[in-house]
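Source file: target-v9.cif. Holds: mmCIF, C-alpha atoms and all ligand atoms.
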```
data_protein
#
loop_
_atom_site.label_atom_id
_atom_site.label_comp_id
_atom_site.auth_asym_id
_atom_site.auth_seq_id
_atom_site.Cartn_x
_atom_site.Cartn_y
_atom_site.Cartn_z
CA MET A 28 -1.69 -8.56 -15.29
CA ALA A 29 0.68 -11.42 -14.98
CA ALA A 30 0.83 -13.54 -11.88
CA PRO A 31 3.78 -12.87 -9.60
CA HIS A 32 6.62 -15.32 -9.18
CA ALA A 33 5.77 -17.02 -5.89
CA VAL A 34 2.54 -16.49 -4.03
CA VAL A 35 0.72 -18.31 -1.28
CA ALA A 36 -3.05 -18.70 -0.92
CA VAL A 37 -4.78 -16.67 1.77
CA GLU A 38 -8.21 -17.05 3.28
CA GLU A 39 -11.19 -17.04 0.96
CA GLY A 40 -13.33 -13.94 1.14
CA SER A 41 -10.59 -11.56 2.19
CA SER A 42 -11.14 -9.41 -0.86
CA GLY A 43 -14.13 -7.10 -0.28
CA GLY A 44 -13.31 -3.46 -0.49
CA GLY A 45 -15.18 -2.16 -3.54
CA GLU A 46 -13.79 1.31 -4.17
CA GLY A 47 -12.21 0.66 -0.93
CA LEU A 48 -12.52 1.29 2.71
CA ILE A 49 -10.63 -1.33 4.58
CA PRO A 50 -11.58 -4.68 3.18
CA PRO A 51 -13.27 -7.01 5.64
CA GLY A 52 -10.78 -9.46 7.04
CA SER A 53 -7.96 -7.41 5.59
CA SER A 54 -4.69 -8.89 6.59
CA THR A 55 -1.07 -8.53 5.74
CA ALA A 56 1.81 -10.39 4.31
CA ALA A 57 2.84 -11.14 7.89
CA ASP A 58 -0.49 -12.93 8.28
CA ALA A 59 0.30 -14.78 5.12
CA ARG A 60 3.45 -16.06 6.72
CA ARG A 61 1.39 -17.55 9.54
CA PRO A 62 0.75 -21.28 9.26
CA GLN A 63 -3.02 -20.95 8.61
CA PHE A 64 -2.38 -19.24 5.31
CA GLY A 65 0.82 -20.87 4.26
CA THR A 66 -0.50 -24.08 2.90
CA ARG A 67 -0.59 -23.59 -0.87
CA PHE A 68 2.07 -22.13 -3.07
CA LEU A 69 1.37 -20.93 -6.57
CA THR A 70 4.25 -22.46 -8.39
CA ASP A 71 2.29 -22.74 -11.61
CA PRO A 72 0.81 -19.36 -12.70
CA ARG A 73 -1.87 -21.24 -14.66
CA GLN A 74 -3.39 -22.16 -11.29
CA VAL A 75 -3.98 -18.52 -10.35
CA PHE A 76 -7.77 -18.68 -10.72
CA GLN A 77 -8.11 -21.61 -8.34
CA HIS A 78 -8.44 -19.24 -5.35
CA ASN A 79 -9.83 -15.78 -4.65
CA ALA A 80 -6.79 -14.29 -3.04
CA TRP A 81 -3.10 -14.91 -2.87
CA SER A 82 -0.57 -13.20 -0.74
CA VAL A 83 2.80 -12.57 -2.29
CA GLU A 84 5.32 -14.58 -0.39
CA SER A 85 8.50 -12.64 -0.08
CA ASN A 86 10.10 -9.95 1.99
CA MET A 87 7.17 -7.59 1.69
CA ASP A 88 9.56 -4.66 1.59
CA ASN A 89 10.35 -5.22 -1.99
CA VAL A 90 7.85 -7.10 -4.07
CA GLU A 91 8.49 -5.54 -7.43
CA TRP A 92 5.95 -5.50 -10.20
CA SER A 93 7.01 -6.32 -13.68
CA GLU A 94 7.49 -3.33 -15.98
CA GLU A 95 4.41 -4.45 -17.85
CA GLN A 96 2.26 -4.38 -14.69
CA GLU A 97 3.57 -0.97 -13.65
CA ALA A 98 2.99 0.50 -17.11
CA SER A 99 -0.53 -0.88 -17.29
CA ALA A 100 -1.46 0.60 -13.89
CA LYS A 101 0.12 3.94 -14.80
CA LYS A 102 -1.81 4.06 -18.05
CA LYS A 103 -5.08 3.37 -16.27
CA VAL A 104 -4.45 6.15 -13.76
CA SER A 105 -3.41 8.65 -16.43
CA GLU A 106 -6.59 7.97 -18.39
CA ASN A 107 -8.55 9.16 -15.38
CA ASN A 108 -6.72 12.18 -13.98
CA GLN A 109 -8.89 15.08 -15.16
CA PRO A 110 -9.62 16.95 -11.92
CA LEU A 111 -13.09 18.08 -10.90
CA PRO A 112 -13.77 21.85 -11.01
CA PRO A 113 -12.38 23.92 -8.07
CA GLU A 114 -15.81 24.62 -6.56
CA LYS A 115 -16.54 20.88 -6.28
CA GLN A 116 -13.09 20.31 -4.76
CA GLU A 117 -13.73 23.05 -2.23
CA GLU A 118 -17.05 21.55 -1.28
CA TYR A 119 -15.57 18.10 -0.65
CA ASP A 120 -12.89 19.71 1.49
CA SER A 121 -15.02 22.02 3.59
CA ARG A 122 -17.72 19.41 4.17
CA ALA A 123 -15.37 16.46 4.64
CA ASN A 124 -16.51 15.67 8.17
CA GLU A 125 -20.17 15.81 7.14
CA TYR A 126 -19.59 13.15 4.50
CA TRP A 127 -17.92 10.96 7.11
CA ASN A 128 -20.79 11.62 9.55
CA ASP A 129 -23.19 10.44 6.86
CA PHE A 130 -21.03 7.37 6.32
CA TYR A 131 -21.19 6.43 10.01
CA THR A 132 -24.89 7.25 10.26
CA ILE A 133 -25.52 4.71 7.50
CA HIS A 134 -23.01 2.01 8.46
CA GLU A 135 -22.76 2.63 12.23
CA ASN A 136 -20.20 0.15 13.45
CA ARG A 137 -20.86 -2.53 10.87
CA PHE A 138 -17.42 -1.85 9.48
CA PHE A 139 -15.94 -3.47 12.55
CA LYS A 140 -13.16 -5.81 11.52
CA ASP A 141 -11.35 -8.52 13.27
CA ARG A 142 -7.96 -6.80 13.22
CA HIS A 143 -6.01 -9.94 13.90
CA TRP A 144 -3.01 -8.36 12.13
CA LEU A 145 -2.84 -5.40 14.47
CA PHE A 146 -0.41 -6.74 17.06
CA THR A 147 1.58 -8.79 14.56
CA GLU A 148 2.34 -5.72 12.50
CA PHE A 149 2.44 -3.26 15.39
CA PRO A 150 3.84 -5.03 18.47
CA GLU A 151 4.40 -1.51 19.84
CA LEU A 152 0.70 -1.61 20.78
CA ALA A 153 1.08 -4.69 22.96
CA PRO A 154 1.98 -4.37 26.65
CA GLN A 155 5.55 -3.24 26.26
CA CYS A 156 5.12 0.47 25.92
CA GLY A 157 7.75 0.96 28.60
CA ARG A 158 10.34 0.18 25.96
CA SER A 159 10.00 3.68 24.56
CA ARG A 160 10.76 5.01 28.03
CA GLU A 161 13.85 2.84 28.13
CA ARG A 162 14.86 4.12 24.71
CA SER A 163 14.27 7.72 25.71
CA GLY A 164 16.27 7.21 28.86
CA GLY A 165 13.47 7.41 31.43
CA VAL A 166 9.93 8.53 32.23
CA VAL A 167 9.10 11.95 30.85
CA ASP A 168 7.88 14.27 33.61
CA VAL A 169 4.48 15.67 32.79
CA ASP A 170 3.03 18.84 34.24
CA GLY A 171 -0.65 19.51 34.45
CA ASP A 172 -3.91 17.77 34.92
CA PHE A 173 -5.27 16.26 31.73
CA PRO A 174 -6.97 12.95 30.95
CA GLY A 175 -4.38 10.21 31.41
CA SER A 176 -1.84 12.58 33.00
CA SER A 177 -0.79 9.95 35.53
CA ALA A 178 -0.33 7.22 32.87
CA THR A 179 3.10 5.84 32.09
CA CYS A 180 2.23 4.81 28.53
CA ARG A 181 0.05 6.98 26.29
CA VAL A 182 -1.25 5.92 22.89
CA LEU A 183 -3.25 8.18 20.54
CA GLU A 184 -5.20 6.92 17.56
CA VAL A 185 -6.12 9.61 15.05
CA GLY A 186 -9.08 9.00 12.73
CA CYS A 187 -10.25 6.21 15.00
CA GLY A 188 -13.62 5.71 13.32
CA VAL A 189 -15.72 3.44 15.51
CA GLY A 190 -12.76 2.02 17.43
CA ASN A 191 -11.54 -0.86 15.26
CA THR A 192 -8.07 -0.34 16.70
CA VAL A 193 -8.77 1.26 20.05
CA PHE A 194 -10.94 -1.53 21.46
CA PRO A 195 -8.51 -4.33 20.57
CA ILE A 196 -5.72 -2.30 22.24
CA LEU A 197 -7.76 -1.83 25.41
CA LYS A 198 -8.64 -5.51 25.41
CA THR A 199 -5.17 -6.86 24.70
CA ASN A 200 -2.88 -4.42 26.43
CA ASN A 201 -3.25 -4.88 30.18
CA ASP A 202 -0.40 -2.54 31.14
CA PRO A 203 -1.87 -0.78 34.22
CA GLY A 204 -0.07 2.40 33.16
CA LEU A 205 -1.68 2.46 29.71
CA PHE A 206 -4.00 5.28 28.65
CA VAL A 207 -5.50 5.41 25.14
CA TYR A 208 -6.68 8.59 23.42
CA CYS A 209 -8.65 8.45 20.22
CA CYS A 210 -10.09 11.10 17.97
CA ASP A 211 -11.94 11.55 14.75
CA PHE A 212 -13.44 14.60 13.08
CA SER A 213 -16.71 12.71 12.68
CA SER A 214 -18.76 13.41 15.80
CA THR A 215 -20.97 10.46 14.82
CA ALA A 216 -17.99 8.10 14.93
CA VAL A 217 -16.79 9.45 18.27
CA GLU A 218 -20.27 9.05 19.72
CA LEU A 219 -20.28 5.41 18.57
CA VAL A 220 -16.95 4.89 20.35
CA LYS A 221 -18.18 6.49 23.56
CA THR A 222 -21.40 4.49 23.64
CA ASN A 223 -19.63 1.19 22.97
CA PRO A 224 -19.94 -1.02 26.09
CA GLU A 225 -16.18 -1.56 25.95
CA TYR A 226 -15.46 2.16 26.31
CA ASP A 227 -13.83 2.69 29.71
CA PRO A 228 -13.27 6.37 30.63
CA GLU A 229 -10.74 5.27 33.24
CA ARG A 230 -8.47 3.99 30.46
CA CYS A 231 -9.59 5.89 27.37
CA PHE A 232 -10.52 9.37 26.20
CA ALA A 233 -12.36 9.85 22.89
CA PHE A 234 -12.72 13.33 21.42
CA VAL A 235 -13.70 15.11 18.23
CA HIS A 236 -10.67 16.57 16.47
CA ASP A 237 -9.80 17.56 12.91
CA LEU A 238 -6.29 16.33 12.14
CA SER A 239 -5.87 18.98 9.45
CA ASP A 240 -6.68 21.82 11.85
CA VAL A 241 -3.16 22.36 13.12
CA GLU A 242 -4.17 25.30 15.31
CA ALA A 243 -6.57 23.18 17.36
CA ASP A 244 -5.29 21.89 20.70
CA TYR A 245 -4.97 18.22 21.55
CA PRO A 246 -5.94 17.24 25.10
CA VAL A 247 -2.32 16.29 25.90
CA PRO A 248 0.78 18.51 26.09
CA ASP A 249 3.53 18.24 23.49
CA GLY A 250 6.13 15.54 24.14
CA THR A 251 3.87 13.22 26.11
CA LEU A 252 2.81 10.39 23.76
CA ASP A 253 4.55 7.04 23.36
CA VAL A 254 2.68 5.94 20.24
CA ILE A 255 0.50 7.65 17.61
CA VAL A 256 -1.51 5.40 15.29
CA LEU A 257 -2.79 6.42 11.84
CA ILE A 258 -4.70 3.65 10.10
CA PHE A 259 -6.25 4.56 6.72
CA VAL A 260 -6.73 8.17 7.81
CA LEU A 261 -3.92 10.29 6.33
CA SER A 262 -5.19 9.29 2.88
CA ALA A 263 -8.49 11.01 3.65
CA LEU A 264 -6.83 14.44 3.93
CA HIS A 265 -6.22 16.89 1.13
CA PRO A 266 -2.57 16.31 0.08
CA ASP A 267 -1.76 20.00 0.74
CA LYS A 268 -2.66 19.53 4.40
CA MET A 269 -0.73 16.33 5.09
CA GLN A 270 2.67 17.79 5.96
CA ALA A 271 1.43 20.29 8.53
CA SER A 272 -0.79 17.63 10.10
CA ILE A 273 2.06 15.11 10.48
CA SER A 274 4.43 17.78 11.79
CA ARG A 275 1.85 18.83 14.38
CA LEU A 276 1.39 15.23 15.50
CA ALA A 277 5.15 14.64 15.69
CA ARG A 278 5.41 17.35 18.35
CA LEU A 279 3.13 15.31 20.61
CA LEU A 280 5.58 12.38 20.70
CA LYS A 281 7.96 11.80 23.58
CA PRO A 282 11.61 11.44 22.62
CA GLY A 283 11.77 7.82 21.45
CA GLY A 284 8.01 7.79 20.77
CA VAL A 285 6.82 6.26 17.51
CA MET A 286 4.23 7.02 14.81
CA LEU A 287 2.62 3.98 13.18
CA LEU A 288 0.83 4.19 9.83
CA ARG A 289 -0.95 1.82 7.52
CA ASP A 290 -2.59 3.28 4.44
CA TYR A 291 -3.38 2.92 0.74
CA GLY A 292 -0.47 2.50 -1.67
CA ARG A 293 -0.12 3.70 -5.27
CA TYR A 294 -2.01 1.53 -7.78
CA ASP A 295 -4.03 -0.27 -5.15
CA MET A 296 -6.96 -1.87 -6.92
CA ALA A 297 -9.29 0.72 -5.36
CA GLN A 298 -7.37 3.42 -7.26
CA LEU A 299 -7.54 1.55 -10.55
CA ARG A 300 -11.25 0.99 -10.11
CA PHE A 301 -12.24 4.65 -9.82
CA LYS A 302 -14.52 5.70 -12.61
CA LYS A 303 -13.93 8.87 -14.64
CA GLY A 304 -15.13 12.04 -12.92
CA ARG A 305 -13.97 11.02 -9.43
CA CYS A 306 -10.44 12.43 -9.59
CA LEU A 307 -9.69 15.50 -7.44
CA SER A 308 -5.97 15.80 -8.16
CA GLU A 309 -3.14 13.41 -8.95
CA ASN A 310 -3.75 10.13 -7.10
CA PHE A 311 -6.53 11.75 -5.01
CA TYR A 312 -10.17 10.76 -5.56
CA VAL A 313 -13.64 11.19 -4.16
CA ARG A 314 -15.82 8.16 -3.58
CA GLY A 315 -19.50 8.03 -4.42
CA ASP A 316 -20.37 8.92 -0.82
CA GLY A 317 -18.23 12.10 -0.80
CA THR A 318 -15.34 10.67 1.26
CA ARG A 319 -11.87 11.11 -0.25
CA VAL A 320 -8.81 8.92 -0.62
CA TYR A 321 -5.18 9.43 -1.65
CA PHE A 322 -2.84 6.64 -2.81
CA PHE A 323 0.72 7.02 -1.49
CA THR A 324 4.16 5.97 -2.60
CA GLN A 325 6.71 4.94 0.02
CA ASP A 326 8.85 7.95 -0.87
CA GLU A 327 6.03 10.42 -0.34
CA LEU A 328 5.37 9.04 3.12
CA HIS A 329 9.06 9.06 3.92
CA GLU A 330 9.26 12.73 2.97
CA LEU A 331 6.29 13.61 5.18
CA PHE A 332 7.74 11.90 8.26
CA ALA A 333 11.33 12.99 7.68
CA GLU A 334 10.25 16.60 7.19
CA ALA A 335 8.48 16.31 10.57
CA GLY A 336 11.84 15.39 12.11
CA LEU A 337 11.16 11.67 12.55
CA GLU A 338 13.54 8.78 11.90
CA LYS A 339 12.61 5.79 9.78
CA VAL A 340 12.15 2.49 11.58
CA GLN A 341 10.11 0.81 8.83
CA ASN A 342 8.60 1.78 5.47
CA LEU A 343 7.31 -1.13 3.43
CA VAL A 344 4.78 -2.13 0.81
CA ASP A 345 2.40 -5.02 1.29
CA ARG A 346 1.10 -6.18 -2.11
CA ARG A 347 -1.57 -8.82 -2.26
CA LEU A 348 -2.95 -10.46 -5.33
CA GLN A 349 -6.74 -10.56 -5.60
CA VAL A 350 -8.38 -12.90 -8.05
CA ASN A 351 -11.83 -12.53 -9.58
CA ARG A 352 -12.42 -16.07 -10.73
CA GLY A 353 -15.74 -15.21 -12.40
CA LYS A 354 -14.22 -12.54 -14.62
CA GLN A 355 -10.81 -14.22 -14.74
CA LEU A 356 -9.17 -10.98 -13.55
CA THR A 357 -6.23 -10.42 -11.24
CA MET A 358 -5.64 -7.20 -9.31
CA TYR A 359 -3.52 -6.09 -6.40
CA ARG A 360 -4.28 -4.64 -3.01
CA VAL A 361 -1.40 -2.34 -2.16
CA TRP A 362 -0.89 -1.05 1.36
CA ILE A 363 2.02 0.87 2.84
CA GLN A 364 3.12 0.43 6.41
CA CYS A 365 5.39 2.88 8.19
CA LYS A 366 6.97 3.31 11.60
CA TYR A 367 8.81 6.56 12.27
CA ARG A 368 10.35 7.54 15.55
CA ARG A 369 11.21 10.74 17.34
CA ALA A 370 14.90 10.58 18.22
CA PRO A 371 15.59 9.46 21.79
CA VAL A 372 17.19 12.06 23.97
CA GLU A 373 20.95 11.76 23.99
CA PRO A 374 22.21 11.02 27.50
CA PRO A 375 23.86 14.12 28.98
CA GLU A 376 27.64 14.07 28.73
CA GLU A 377 29.36 13.17 31.98
CA GLN A 378 31.09 16.03 33.76
CA ASP A 379 34.66 15.54 34.98
C1 LIG B 1 -11.07 4.87 6.24
S1 LIG B 1 -11.65 5.40 7.79
C2 LIG B 1 -10.60 4.52 8.90
C3 LIG B 1 -11.15 4.47 10.29
C4 LIG B 1 -10.28 3.72 11.28
N1 LIG B 1 -8.94 4.25 11.37
C5 LIG B 1 -10.24 2.27 10.92
O1 LIG B 1 -9.18 1.82 10.50
O2 LIG B 1 -11.24 1.60 11.03
C6 LIG B 1 -10.99 7.05 7.87
C7 LIG B 1 -11.35 7.77 9.16
O3 LIG B 1 -10.65 8.99 9.22
C8 LIG B 1 -11.51 9.99 9.68
N2 LIG B 1 -10.99 11.27 9.18
C9 LIG B 1 -10.90 11.66 7.90
N3 LIG B 1 -10.36 12.89 7.83
C10 LIG B 1 -10.08 13.26 9.11
C11 LIG B 1 -9.53 14.43 9.70
N4 LIG B 1 -9.18 15.48 8.96
N5 LIG B 1 -9.38 14.48 11.04
C12 LIG B 1 -9.76 13.43 11.81
N6 LIG B 1 -10.32 12.32 11.31
C13 LIG B 1 -10.47 12.23 9.98
C14 LIG B 1 -12.87 9.61 9.12
O4 LIG B 1 -13.93 10.20 9.83
C15 LIG B 1 -12.83 8.10 9.27
O5 LIG B 1 -13.30 7.72 10.53
#
```
Could you render the structure as structure tokens?
Amino acid sequence: MAAPHAVVAVEEGSSGGGEGLIPPGSSTAADARRPQFGTRFLTDPRQVFQHNAWSVESNMDNVEWSEEQEASAKKKVSENNQPLPPEKQEEYDSRANEYWNDFYTIHENRFFKDRHWLFTEFPELAPQCGRSRERSGGVVDVDGDFPGSSATCRVLEVGCGVGNTVFPILKTNNDPGLFVYCCDFSSTAVELVKTNPEYDPERCFAFVHDLSDVEADYPVPDGTLDVIVLIFVLSALHPDKMQASISRLARLLKPGGVMLLRDYGRYDMAQLRFKKGRCLSENFYVRGDGTRVYFFTQDELHELFAEAGLEKVQNLVDRRLQVNRGKQLTMYRVWIQCKYRRAPVEPPEEQD
């Protein structure tokens, strides 16, 4: 692959990833714009192997690949798209939570990352939740007694794992009206969240929930959440179950509430690295440990959110060049970041 036009060096050791959970120290193009990363520009492509990782410096909305790069990635994917037999597919689907339980039993919370990008990319998670109330024209009245029912700002993280997002929110967001819900279909992960010394039941409620089970109740009524966070979780669902899951979640949002997503993008290096025999369906794979991953395009995600009745606030690609100096190889991490909002309530028309 050719080097991109203008890139800037990012911290050493930010690659990681293998077939790809979230790479340790993963960060975004916004991080790359911060001063600590913005010291070296690759103006001469022959210098590309001088560093392990480069972040493409540009409006990350639209860092285009060359036709040659796109064709090469496409070819690689098409060489490896023979799906596994239906019975294997069924097994990976029906036992999905068991594979994730096994994952967390082995790794416990060693996958904890310093998510320094979290509040840069998603300022909605910082203490300013009230803005959604302003947008929606006031506090939404809530009936009933449920965890966090008296809160003025409610955030739900779905597929929370061991709390890589939830604990930084609780630590950073000191809004006294904040209440954070988090769920995962891995009971092992939820147990790790609940036994974390930073877990505070006065401010947080962790529960086991399968996102793809759209009949299952959430512990909050519809129309009561300010923010829903999905970080590298939608990609773990069978593609056929994504739409219903997003539509179900969208109903939980207040008018003006927002859904935030960061997930794997099409032709991420993790996709190109899958060996033959790991493909479940187009762009959907199973890792060696039985966990699954889909690689999205921006358009696919837009369709999912729009069909759920949400309005686009942001939908962008963050492409980052990774360099293997030993093998003299260059590859890209590709992530997609989305923000979609439930329409604020229109103010009632004034009567004469
Ligand atoms: C790649 S991990 C990301 C974990 C966490 N969001 C983070 O960023 O550290 C994917 C998570 O989604 C969870 N997950 C996968 N499918 C799910 C489903 N159908 N319902 C709820 N959680 C699910 C897994 O158990 C796992 O914790």
To check your reading of the model: which residues sit at most 6 Å from ligand LIG 1 (chain B) when counting all atoms listed in the file? Write the answer as a list in words. Leu48, Trp127, Gly186, Cys187, Gly188, Asn191, Asp211, Phe212, Ser213, His236, Asp237, Leu238, Ser239, Ile258, Phe259, Val260, Ala263 and Leu264 of chain A
Please save C-alpha atoms of the selected residues as a PDB file, in the coordinates of the input.
```
ATOM      1  CA  LEU A  48     -12.520   1.290   2.710  1.00  0.00           C
ATOM      2  CA  TRP A 127     -17.920  10.960   7.110  1.00  0.00           C
ATOM      3  CA  GLY A 186      -9.080   9.000  12.730  1.00  0.00           C
ATOM      4  CA  CYS A 187     -10.250   6.210  15.000  1.00  0.00           C
ATOM      5  CA  GLY A 188     -13.620   5.710  13.320  1.00  0.00           C
ATOM      6  CA  ASN A 191     -11.540  -0.860  15.260  1.00  0.00           C
ATOM      7  CA  ASP A 211     -11.940  11.550  14.750  1.00  0.00           C
ATOM      8  CA  PHE A 212     -13.440  14.600  13.080  1.00  0.00           C
ATOM      9  CA  SER A 213     -16.710  12.710  12.680  1.00  0.00           C
ATOM     10  CA  HIS A 236     -10.670  16.570  16.470  1.00  0.00           C
ATOM     11  CA  ASP A 237      -9.800  17.560  12.910  1.00  0.00           C
ATOM     12  CA  LEU A 238      -6.290  16.330  12.140  1.00  0.00           C
ATOM     13  CA  SER A 239      -5.870  18.980   9.450  1.00  0.00           C
ATOM     14  CA  ILE A 258      -4.700   3.650  10.100  1.00  0.00           C
ATOM     15  CA  PHE A 259      -6.250   4.560   6.720  1.00  0.00           C
ATOM     16  CA  VAL A 260      -6.730   8.170   7.810  1.00  0.00           C
ATOM     17  CA  ALA A 263      -8.490  11.010   3.650  1.00  0.00           C
ATOM     18  CA  LEU A 264      -6.830  14.440   3.930  1.00  0.00           C
TER      19      LEU A 264
END
```
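You can rank A:Arg137, A:Arg289, A:Arg352, A:Arg275 by their closest distance to Val241 (chain A) using only C-alpha atoms, and at the top of that list sits A:Arg275.
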Which residues are close to Asp295 (chain A), i.e. within 7 Å by all atoms listed in the file, leaving aside same-chain residues fewer than 3 positions away? Reply as a ChimeraX atom specification. /A:291-292,298-299,359-361
Using all atoms listed in the file, determine which residues lie at most 12 Å from Ala100 (chain A), disregarding the query and same-chain residues fewer than 3 positions distant; provide the list as a PyMOL selection string. chain A and resi 28+92-97+103-107+293-300+310+358-359
Pairwise distance, CA of His143 (chain A) with CA of Lys221 (chain A), equals 22.6 Å
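Residues within 8 Å of Asn108 (chain A), counting all atoms listed in the file and excluding same-chain residues fewer than 5 positions away, are A:Lys303, A:Cys306, A:Leu307, A:Ser308, A:Glu309, A:Asn310.
Taking CA of Gly190 (chain A) and CA of Arg369 (chain A) as endpoints, the distance between them is 25.5 Å.
Straight-line separation from CA of Ala233 (chain A) to CA of Ile363 (chain A): 26.3 Å.
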Using all atoms listed in the file, which residues sit within 9 Å of Gly336 (chain A) once same-chain residues fewer than 3 positions away are excluded, as a PyMOL selection string? chain A and resi 274+277+332-333+368-370
Let me have the centre and edge lengths in Å, one decimal, of the box along x, y and z around every listed atom of region 289-301 of chain A with 8 Å of margin on each side, as AutoDock Vina command-line options.
```
--center_x -6.2 --center_y 1.4 --center_z -1.5 --size_x 28.1 --size_y 22.5 --size_z 34.1
```
Might you pull out every residue within 9 Å of Glu229 (chain A), with all atoms listed in the file counted and same-chain residues fewer than 5 positions away left off, and present them as a PDB file with C-alpha atoms, in the coordinates of the input?
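The new file out_6.pdb reads:
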```pdb
ATOM      1  CA  PRO A 174      -6.970  12.950  30.950  1.00  0.00           C
ATOM      2  CA  GLY A 175      -4.380  10.210  31.410  1.00  0.00           C
ATOM      3  CA  PHE A 206      -4.000   5.280  28.650  1.00  0.00           C
TER       4      PHE A 206
END
```
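Among A:Glu338, A:Glu184, A:Asp120, A:Glu327, the residue with the shortest atom-to-atom distance to Cys231 (chain A), counting only C-alpha atoms, is A:Glu184.
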Minimum-distance residue to Asn124 (chain A), chosen among A:Arg230, A:Phe323, A:Thr215, A:Leu288 (using all atoms listed in the file): A:Thr215
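Among A:Val217, A:Leu356, A:Val207, A:Val185, the residue with the shortest atom-to-atom distance to Leu276 (chain A), counting only C-alpha atoms, is A:Val185.
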From the options A:Asp170, A:Glu242, A:Glu135, A:Asp249, which residue's atoms come nearest to Glu218 (chain A), counting only C-alpha atoms? A:Glu135
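Closest to Pro195 (chain A) among A:Asp172, A:Glu151, A:Glu225, A:Asp244 is A:Glu225, based on all atoms listed in the file.
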